[in-house]
Structures are given as C-alpha cells and as structure tokens.
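Novice: Structure below; questions to follow.
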Amino acid sequence: MQPTRRQFLEAAILGGAATSVLGFDLAEAQAQVPELKIARTTETRSTCPYCSVSCGVIIHTLGGGSRNVKASVVHVEGDADHPINQGTLCPKGITLAHTIVNDRRLKRVMYRAPGASAWEERSWDFAIDRIARLMKDTRDRTLRRTDGRGRTINALTSVGVIGGCTDANEVNYLLVKAFRAGLGVIPIEQQARI
Amino acid sequence: MTNGWTDIRNADVVLAMGGNPAENHPVGFRFVMDAKRHRGATLVSVDPRFNRTAAVADRFVQIRAGSDIAFLGGLINHALSNHRYHEEYVRLFTNATFLVSETYSFDDTQGVFSGWDGERRAYTDRSGWAYELDGQGHARVDPTMQHPRCVLQSMKAFYARYTPEMVSRICGCTPDAFTQAAELITSTGTPDRVGTIVYALGWTHHSVAVQLIHAAAMLQLLLGNIGRPGGGLNALRGHANIQGGTDCGMAYHNLPGYIAIPKADHPTLDAFLRAVTPRATRPESMNFWSNTDRFAVSQFKAYYGAAATAANQFGYDWHPKLPQLAEGGYENWSWAYIFDHMLAGAMEGFFSFGMNPVSNGPHSAKATAALAKLQWLVVAENFEQETAVFWREDIAALAGLKPEEIPTEVFMLPAANFAEKDGCFVNSARWIQWKWKAVDPPGEALPDQEIIGRLFLKIRELYEREGGVAPEPVRHLDWWYTHPSSPSLEEVCRELNGWALREVRDADGAVILRPGQQLASFLHLQADGSTLSGNWLYIGMYTDAGNLTKRRSAADPSGLGRHPEWAFSWPANRRVMYNRASADGSGRPWDPSRPAIAWDGQRWVGDVPDYRADSAPAASLGAFIMLPEGVARLFVPGQLAEGPWTEHYEPQESPVANPLHPQRSANPVARPFTTPFDVLGSAEEYPIVCTTYRLTEHFHYWTKHNPYTMQLQPEFFVEIPEDLAAEQGIANADMVRVTSARGSIEGRAMVTRRIKSMQIAGRKVYQIGVPIHWGFVGRGAQRGSLANLLTHTVVDPNSYTPEYKAFLVKLEKV
C-alpha cells in the first residue's frame, strides 16, 4: 500500500501507534533524540543590543577552531543565569541571530563621489587616507584658535561627531578622547537627546 | 533609573506614564507583573492610547498627548490638599523647609514667573528664583513648614490651580477618572507603602520635557518614594548603551562623568574649576561635587598623559572651550542645533558612528537638506541606511534636491556589530555589564575601535609630517594602548576606571595607593596629577581585583533584587540611589520589610550607602549628597529655563489654547528655528493631535533589515479612532495620508478603539498614532513612511529634546 502524503504525516505524528500504514515500526526512530543544533557550539555571553533592559544573551557559534575557518553564529538565546531576563527574550531578541547573520550586512567600504548617484567599492586604505586628509584640512582651515576677544578656545565646530547607542562605553570614550580632547571637536552628540 | 529593573518587584503601586514598558521594555516589565502577582501591587497606566501596558493595568486613564504636566500637577495638588504626603520624609529630605526669596512671584493670568521681560519675550532677571539667604550665604529654613514663603507653602499655592476639573479640561479625562487614579497613586505617601514611576520617551519627547520630569520628581518626593526599594523615578531609556554614552561625555555640553565642558570665559583651569564646583547652601551639607577638581584633573591626565603637568594646567589650554555668543550665553551644538548650523553652511564634515539622523532626528527633510551642505560625510554602520544614502533620488527629493546637485563626498564604512566586539553596555539600571566577542565581523567590516584608532593615528601622522594648526593636543593625546591602531577595550575599560600614577598618602602619611594601583574609591582621586581616571563615575568597576563588570553571581542576599555581585553598578556599586532617604531621622528603615540601608550604631549596612558610610544620622549630612543643599529640590532655584516650578504649557502645535492662561499657551522659553523648513501648523489647518511610538516587534530603524521581525510587523500603519475613521469614510486597511506642516507619509489605516476622541477645553479633539520603524531602506514595504517627516524641530530649552510625542496633522484617505 502506498501511503498518501496526508497519511504519512498522520503516521509521523502518531508515531509508533500507526505502524500499519507504513508497514514498519517508527518507535525506534522516535526514541532517538535528534541532536540539537547547539550541541557542539561555543557559547559566548553577551548583551542584547536593543533596548536598555540589557538582557543577557548566549551567542552560539560553530567552527573557528581551525585555520582558515571562521566561526559563524548559529543561534542566540536568553541567558538563564541573568537576573533580569532569566533566559527570556522579546521578539526582537529572539531573532538576533538573523540580525548578526544577514545578507544585507555591509562587507566592503563604499564611496560616493560628489554629484554621483551610485556607490563605488573602495579599500580601507583609500578611506582612511582620504578621511584623514579631509579632517586635517578642514581642521587646519577652520579651527577657532581664539574667540572674538582673543581668548584661547581651540574649538572645532565645522566638524560634528555623533555616536551610536550600541557602541560600548569604551568606544564612546575613545570617540570623546580622540575627537574632543585630541582634535577639538565641539559638536559631539548621541541618541540621548532625541 | 534611580532604582533598577529587579527592584520594581518591591513596589506597591506602579505608575506607568510617558512610557509603554509592556511593549517597549517587555522583559523588564516582568518585574511589574511580579509586583502585581506577589505583592498585590496596583498598576496604573496613563497614556494617550490604550496600549499593551494599559491592557494589563488595574486602572487606565486616557489623556491627550502633551497634557502630562497638568495630570502630574493635579496629583501634586491632590497630595498636598488632602495631606496625602509623607510629611516627615518631606521635612527631612527635601527643601520644603527652605524660604523662597521675597522677590519670587508667579503671574497666573500671564503664565510667567518673576523676571519676565514682555518686550524681549525672555526672562531677563532670574534673581527671584532663589532661596532667602542668611549672612553666611546659607539658605534660611523653617522646620515647621508654616512660613508663607517656605517651599511647601509656595508649592501648595502654586498647584492649587490644578483641580480635578482643570485636569479634565486640559487632559480630556473625567474629573472622577483623575481622582480615582490620584487616590491610588497617592496611597504610597506613608512609611509602609512605596510607589514607583516608570517612564520613557513619552515624557522626554516634549518641548516641556525637563519640567515634566521635575513634576514627577516632586510627586515622588512628596510621597516619600525616592531612595526606597520599590520606589524611585525610573527612566527606562530607549537604547542598549544610551546610558553609557551619556555617562562618557557623548554630548556637546558635558565631559565624561557629567562635568560641564570648559567654556570660553574659563581661561584657566582654576577659573574653570571655580565655575563648575558648587558651594554648599547648608552648613552641614556634604556637597560631593566639591571634589570636582579631583575628577577633572584626573581626566586631563587620562587624555594627555605625561604631557599634562601642573606647570601647563594639565593640558587645559589644549582642550576645546565652548564658544560664547556675542549676545551672552554659549553656542548651542546639541542635535537640532547641529543640523540648523549645518543647513546654514557652517559645517564641512560629519562622522556618524551607527547613527541615522535622516530617520531618527526631527524633521527628516531638514536633516537631508542640511547633509547636502556638507563637503564630506562618514557613516560607519552594520547596514545601509537612510543617512548614508541621503543623496539617493527619492531621499534627496525630500529636500527638493537631485543627486547631481549634492556635492558631498560620502564614505560608508562597514562596522562590526555588538556580537563582533567586546566592551561594556550600561543599562538603564546603571549596571555596567561586560560582553564578550563571539565572532569576527563579516567581510571587511571592522570594529569601531579600529576605525577610530586607524583614523586618529593617520591624522596624527599628517600633523607629525606636515605640521598644522594647533598640533599639540593631537601630538600629546596619550594613545598608550598596546595595539594603537585597534585599542583593546579591556585596556580602555581600565583607563575609564583609572589608576595611581604615583604613590599617594593620606593626611596621616599612610600609603593609600601604590603606583599603578587601580582606583577603588572616588576620594582616592587626587587633584595634583598623581592619579588618572577617564570617568570618575565608574571608579570601582576595574580595581586590582579585576574587571568587576564581568562578575556573574546572581546571589541576592537581601532578597530585594539587588544582586550586588552581578557586574558593577555605578556609582560605587550602589543599586538604589539616594538610599539614605529609605531610613528615618535616626537611621531606621521607614519599612523594616524593605530596608535599603540602616544605621547599626557604627555604620550604615545594607546596600552601598549613598552617604558617608560611618556618619551617624545625627550629623544630618543630607540624603542628597550630590546637591549643595544636601536635600532634594522641590523648588528648583535658578537652574531650569522656565522657572522654579513646573507649569503646564501646551505643545508647540496644539488644538487648543492653554486653559490656564490662553495668552501664554506654549512654553515661553522654547525658541523655534527660523529656516524655511521650520514651520508650525495651525489647529485650523491641522486639527488632529498626532503622537509617535514604538512596537515590540521592532527596534528603532534597525530591524527593518531583519527578515523575521519584518514578518511580524511588515508595514507602516496609522492608528485611527473609530469615530474619526467613520467621519472620513476610512475603513480598516485603507491607504491613508498623514500630513503635517512639514511633510506627509502614507500607510494603512488601523481603525481602533484604543484611542478615543476627547473633550478638551470644551471642544472635540481627535488623536492618531504613528509607529516609527519604517523608512526608505530595508526589507519589504518601505514606502518612505518615516514618522519624522512629520515632526518639527522645536526643542525643550533645557535638554534640547524635540517634540516627537505631540504635534498636529491632518488625515485623508488616499
């Protein structure tokens, strides 16, 4: 007897009780627990990057143990040990793996020339050299060394820096140190005000 | 947050207002549900919409968007006129006893405080917004709180106008609905009950934002709820590390650790320190900010290293100073002002690290036009987004431009995301939590620290090679990291905490710090250059015991959700701020079943005390050691732009004139910008109140790239009350257009009973709601429906936050 697709599915659902349709016993197959996709993963503790509750997450990665093999994220789950979320996550947190591994992620430096209507792919060396040149030229041309009353202010207001709300403290501090204390930038802002 | 997520479970009453935590902080909201289930707590939700928090609340009151101050003013009046406040707490821990200056007054027909210059439309004399001082410069007090000019009596007189009927006229709820909610909320004005307030951007996105928070703080102080487990005033905040960014000086007006930025009229380090260090206003006050010199000098040592010496004022000259305006005051470089200056052509270059101002700033069309004035723009991001492609035909068209007319060079740099780098996030409960790197970034994407490191080193190399203007700060910046082109965040974390550069001894000659020793206490900082600390507020997070932000013990010995060995909580690992106020005048907890700290005869025990640990209660240093008064401010002397008390002013765009004083309807101190983009609409042309909000399935403008969240909430919609929809012939799922004076967006109608029309000041007013989250770049149906195409740029005059939560629109079927 050839089972229909529907009968096959019913058999699969009912398991060992429906041996007659298939002519063999599914019990053994049912008893074997399939290996979880996280059975051989490396677990890394992290913090959800979305809202300010800061749920603990465990990022599961596979691979990366040998040369020329990059680890990749296969799963993200809530950290059961975390006193705030105790393993739970919201709809955004539970889909984090698909934000990390996502075909829309930027992978190359892109450049848009003045007046252009499309991106061009460029190298990091090009970008760093060109941005450093633009920054230095702008700073040298427009730094306000003194104000109208001759007081030293060393203020650069022609360049602004806005920082991300998923930048770690340390990245925020590096921005403040390099751009404000080093280069003199006054317009430094982040999400807090908006 | 003054308290924390895990502490909310200790509350008897939770007021959720100006926020919708069930939707936007769903996992943190578990502790509200915990309080309901295990303590029998009452949840009161006050909001323009019957939202997901309202759906599980014990009581919901619908109010008009933009009317929150009237509601809070009503609560203050209810507490004061029915004596439903915690009198002993108020006497001990607030400035209720202080006498207000004789020259203070409020004109309730004009809606302005003393010092208003009607011709210049500005406060030209704020001297009356002050305490009455004695010969030593200390405030006079009346412990009986009966003096007609004491703060408590002044407050009673001021808020007497906020009757249930007036609340009803302004907010649109019935007087009864208000009074019933007020009874619940003020039931915590006793020693044995505690209430918390949880709020978010629904309170801060207004042109009266700071005064709104001031009103909530006054209410919680009157009820004796600040400093107590289960109490507090809790800003839930919106992003993973917005707290850390704020702590670390990512604002034009602050250095790390909330030290005001040096200004043009502070020519020397001494002048700067004199200007930013407050003097005590009561003789016994601890006035913790008197240590500002130690915090600031140690920060300059972190910036400029060995080049910072006493002889050169620790490099003070190199650090930029905020310029002064010719007409007085200082230049404003906050977000909305940056884009106004940019549109005026005053800026050449711009860096955006993980930010998207076309989408997340006010008035997207103005932001786009401003970006088109730049010579160069650098965007470091995970995904392509609206700001990086502002020159694209459809986005440029918002500003009436074509790609070929935009001369801006744009760099879009692929950056690592949270999982691809380590470092600390600070949550809204002030927990500084380390996260570990799980995976390398894709393709050629780099972590931000490497982008910053490589750029800075390249710029420094150009200065070394070519010379240039003011090269000293660039050359002397202490870039000491083992891998300078990509600093280790572990090393930066150590620097933020700080260490001793030389041996430090106390007054008795005992060594308290060895050279190289990581700092463990604020007061170990020195003002002579012998210590270094990037952010004094974080001291204690990285001591010689290691990086305490990595701690992972969930132990909770108090049973009150403090978890003292989970990560590190600033300041000093304290879990409940102002916790001295949790105990009475002799140091006994107001509620022994919920102690924060208690005096055991020798020391304060419990949470890390927000107080000198061995100072007996009788010394009365004041429970608010960060304020020069030593007590909390109900009356705020001279600090806020609008005045010492919070008054209800209408939103910049409002359907009605202010029922309190129609001639002075909106915030008199808020100032609209003057470009052709900065237009406001009238109620005649735009009769509907509109508010913006978030959905639980999305995060800001990021998850429109995620295939799963896009399936959960695939497209932009407009939430419309049933009677308004019927009036305009709009059916559920019809396409509709929402138009403000700035722009318009289209989306599907969601006809709902969750928002009802209301009677405001005698007329029928409709409100609609639009979610953010959609725009031009992303998966699925991105129709350019950026909510911020509708919003205007008028900002709160204290915090400079825009008014996203209450503005006017019209609605039509497409």
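Here's how to read the names in the structure tokens: chain A, B, ... by the order shown, residue numbers from 1 in each chain, ligand numbers from 1 in the order shown.
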Extract, using only C-alpha atoms, all DNA, RNA and protein residues at most 12 Å from region 122-126 of chain A, discarding same-chain residues fewer than 6 positions from it, and format them as a compact mmCIF listing (two decimals) with C-alpha atoms, in the first residue's frame.
Specialist:
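This went into out.txt:
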```txt
# COMPACT_ATOMS: atom_id res chain seq x y z
CA LYS A 107 31.03 43.98 4.00
CA ARG A 108 33.00 46.49 1.90
CA VAL A 109 33.95 50.16 2.09
CA MET A 110 31.66 52.15 -0.21
CA TYR A 111 32.32 55.61 -1.58
CA ARG A 112 30.01 58.12 -3.19
CA ALA A 113 31.81 60.81 -5.20
CA ALA A 132 42.28 61.77 7.47
CA ARG A 133 43.24 64.26 4.76
CA VAL B 410 30.21 60.10 1.34
CA PHE B 411 32.04 57.17 2.91
CA MET B 412 30.03 54.19 4.13
CA LEU B 413 32.28 52.10 6.35
CA PRO B 414 31.28 48.52 7.22
CA ALA B 415 31.36 48.19 11.01
CA GLY B 443 33.77 40.63 5.01
CA GLU B 444 35.99 43.65 5.56
CA ALA B 445 33.89 45.12 8.38
CA LEU B 446 35.97 46.46 11.28
CA GLU B 450 39.88 50.03 14.93
CA ILE B 451 38.18 52.62 12.71
CA ARG B 454 43.43 53.97 12.42
CA LEU B 455 41.88 57.33 11.64
CA LYS B 458 46.70 58.67 10.34
```
Novice: Please list as a compact mmCIF listing (two decimals) with C-alpha atoms, in the first residue's frame every residue within 6 Å of region 144-149 of chain B, counting only C-alpha atoms and excluding residues in the same chain fewer than 6 positions away.
Specialist:
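In the end it all went to result27.txt:
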```
# COMPACT_ATOMS: atom_id res chain seq x y z
CA THR B 97 11.58 73.88 54.73
CA LEU B 99 12.46 80.00 52.47
CA VAL B 100 11.95 81.32 48.95
```
Novice: Hey, which of A:Val101, A:Val53, A:Ala192, A:Cys165 ends up closest to Thr88 (chain A)? Count only C-alpha atoms.
Specialist: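 Closest residue, counting only C-alpha atoms: A:Val53.
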Novice: Between CA of Trp570 (chain B) and CA of Ala35 (chain B), measure the distance and give it in Å to one decimal.
Specialist: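 According to the coordinates, CA of Trp570 (chain B) and CA of Ala35 (chain B) are separated by 24.9 Å.
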Novice: Need to verify the contact set: Thr674 (chain B), 12 Å, only C-alpha atoms, exclusion of same-chain residues closer than 5 positions in sequence. Can you return it as a PyMOL selection string?
Specialist: chain B and resi 337+340-341+343-344+366+679-680+792-794
Novice: Pull C-alpha atoms from the residues just selected and write them as a PDB file, in the first residue's frame.
Specialist:
```
ATOM      1  CA  TYR B 337      21.199  72.981  16.531  1.00  0.00           C
ATOM      2  CA  ASP B 340      20.476  74.016  11.857  1.00  0.00           C
ATOM      3  CA  HIS B 341      24.122  75.167  11.737  1.00  0.00           C
ATOM      4  CA  LEU B 343      21.930  73.811   6.908  1.00  0.00           C
ATOM      5  CA  ALA B 344      23.334  77.335   7.275  1.00  0.00           C
ATOM      6  CA  LYS B 366      15.527  69.499   7.002  1.00  0.00           C
ATOM      7  CA  VAL B 679       7.211  75.891  10.050  1.00  0.00           C
ATOM      8  CA  LEU B 680       4.451  75.153  12.548  1.00  0.00           C
ATOM      9  CA  HIS B 792       9.145  69.694  13.894  1.00  0.00           C
ATOM     10  CA  THR B 793      12.414  70.927  15.356  1.00  0.00           C
ATOM     11  CA  VAL B 794      11.329  72.986  18.357  1.00  0.00           C
TER      12      VAL B 794
END
```
Novice: List every residue of region 415-618 of chain B that DSSP, applied to the backbone of this structure, assigns to strand (DSSP E or B), and report them as an MDAnalysis selection string.
Specialist: chainID B and resid 415 423:426 431:435 446 499:500 504:505 511:513 518 531:532 542:543 546:547 552 566 568:569 583 589 597:599 604:606
Novice: I need the alpha helix (DSSP H) residues of region 374-463 of chain B per DSSP on the backbone, written as a ChimeraX atom specification.
Specialist: /B:393-396,448-463
Novice: Keeping only C-alpha atoms, take the residues you just selected and write them out as a PDB file, in the first residue's frame.
Specialist:
```pdb
ATOM      1  CA  GLU B 393      16.995  60.275  -5.757  1.00  0.00           C
ATOM      2  CA  ASP B 394      13.941  59.523  -3.592  1.00  0.00           C
ATOM      3  CA  ILE B 395      15.507  60.774  -0.342  1.00  0.00           C
ATOM      4  CA  ALA B 396      17.174  63.869  -1.836  1.00  0.00           C
ATOM      5  CA  ASP B 448      34.679  50.817  15.767  1.00  0.00           C
ATOM      6  CA  GLN B 449      37.796  50.975  17.956  1.00  0.00           C
ATOM      7  CA  GLU B 450      39.880  50.029  14.926  1.00  0.00           C
ATOM      8  CA  ILE B 451      38.184  52.617  12.708  1.00  0.00           C
ATOM      9  CA  ILE B 452      38.796  55.301  15.359  1.00  0.00           C
ATOM     10  CA  GLY B 453      42.358  54.086  16.054  1.00  0.00           C
ATOM     11  CA  ARG B 454      43.429  53.967  12.419  1.00  0.00           C
ATOM     12  CA  LEU B 455      41.880  57.335  11.638  1.00  0.00           C
ATOM     13  CA  PHE B 456      43.386  59.062  14.639  1.00  0.00           C
ATOM     14  CA  LEU B 457      46.860  57.639  14.001  1.00  0.00           C
ATOM     15  CA  LYS B 458      46.699  58.668  10.338  1.00  0.00           C
ATOM     16  CA  ILE B 459      45.670  62.220  11.274  1.00  0.00           C
ATOM     17  CA  ARG B 460      48.428  62.385  13.888  1.00  0.00           C
ATOM     18  CA  GLU B 461      50.917  61.153  11.265  1.00  0.00           C
ATOM     19  CA  LEU B 462      49.864  64.000   8.954  1.00  0.00           C
ATOM     20  CA  TYR B 463      50.451  66.507  11.766  1.00  0.00           C
TER      21      TYR B 463
END
```
Novice: If we count only C-alpha atoms and set the cut-off at 12 Å, which residues sit around Ile197 (chain B), ignoring sequence neighbours fewer than 5 positions away in its own chain? Please answer as a VMD selection string.
Specialist: chain B and resid 1 to 5 8 11 to 21 32 42 to 46 72 185 to 186 188 203 213 215 to 221 223 225 to 226 230 to 236
Novice: Can I get the selected residues back with C-alpha atoms, as a tab-separated table (two decimals), in the first residue's frame?
Specialist:
```
chain	number	residue	atom	x	y	z
B	1	MET	CA	16.75	54.86	36.80
B	2	THR	CA	17.23	55.77	40.44
B	3	ASN	CA	16.43	52.13	41.22
B	4	GLY	CA	16.56	49.19	38.84
B	5	TRP	CA	14.61	46.60	36.88
B	8	ILE	CA	10.40	47.11	40.66
B	11	ALA	CA	6.58	48.29	44.65
B	12	ASP	CA	3.03	48.59	45.97
B	13	VAL	CA	1.90	50.95	43.21
B	14	VAL	CA	3.42	51.29	39.75
B	15	LEU	CA	2.55	54.37	37.69
B	16	ALA	CA	3.40	53.74	34.03
B	17	MET	CA	3.13	57.11	32.28
B	18	GLY	CA	5.16	58.56	29.43
B	19	GLY	CA	6.12	55.03	28.53
B	20	ASN	CA	4.67	51.71	27.50
B	21	PRO	CA	7.02	49.20	29.08
B	32	VAL	CA	5.94	44.95	37.25
B	42	THR	CA	-1.58	48.10	41.65
B	43	LEU	CA	-0.57	49.13	38.13
B	44	VAL	CA	-1.90	52.48	36.90
B	45	SER	CA	-1.41	53.32	33.23
B	46	VAL	CA	-1.87	56.88	31.96
B	72	LEU	CA	1.02	65.47	37.43
B	185	ILE	CA	-1.12	56.83	43.31
B	186	THR	CA	-1.01	58.96	46.47
B	188	THR	CA	2.01	55.47	48.84
B	203	TRP	CA	7.82	62.14	28.74
B	213	ILE	CA	10.37	65.09	34.84
B	215	ALA	CA	6.95	67.41	38.23
B	216	ALA	CA	7.27	63.64	38.55
B	217	ALA	CA	10.26	64.04	40.88
B	218	MET	CA	8.28	66.44	43.07
B	219	LEU	CA	5.43	63.95	43.29
B	220	GLN	CA	7.73	61.08	44.28
B	221	LEU	CA	9.47	63.25	46.87
B	223	LEU	CA	5.12	60.71	48.62
B	225	ASN	CA	9.23	57.31	47.41
B	226	ILE	CA	12.73	58.34	46.32
B	230	GLY	CA	10.26	49.62	45.23
B	231	GLY	CA	10.26	53.37	44.69
B	232	GLY	CA	12.19	55.90	42.70
B	233	LEU	CA	11.76	57.76	39.47
B	234	ASN	CA	12.76	55.37	36.77
B	235	ALA	CA	13.72	56.50	33.28
B	236	LEU	CA	13.53	53.28	31.30
```
Novice: Would you mind telling me which residue in A:Val33, A:Gly150, A:Thr47, A:Ala80 lies nearest to chain B when using only C-alpha atoms?
Specialist: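 Closest to chain B, using only C-alpha atoms: A:Thr47.
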Novice: Env of Cys55 (chain A): 7 Å cut, atoms = only C-alpha atoms, seq-sep filter 6 positions within chain, self excluded. Answer as a ChimeraX atom specification.
Specialist: /A:47-48,84-85
Novice: Would you put the residues from that selection into a file with C-alpha atoms, as an mmCIF file, in the first residue's frame?
Specialist:
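Output below, filename result_28.cif:
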```cif
data_model
loop_
_atom_site.group_PDB
_atom_site.id
_atom_site.type_symbol
_atom_site.label_atom_id
_atom_site.label_comp_id
_atom_site.auth_asym_id
_atom_site.auth_seq_id
_atom_site.Cartn_x
_atom_site.Cartn_y
_atom_site.Cartn_z
ATOM 1 C CA THR A 47 24.155 41.603 25.998
ATOM 2 C CA CYS A 48 21.201 42.293 23.720
ATOM 3 C CA ILE A 84 16.950 40.340 34.771
ATOM 4 C CA ASN A 85 15.784 38.204 31.872
#
```
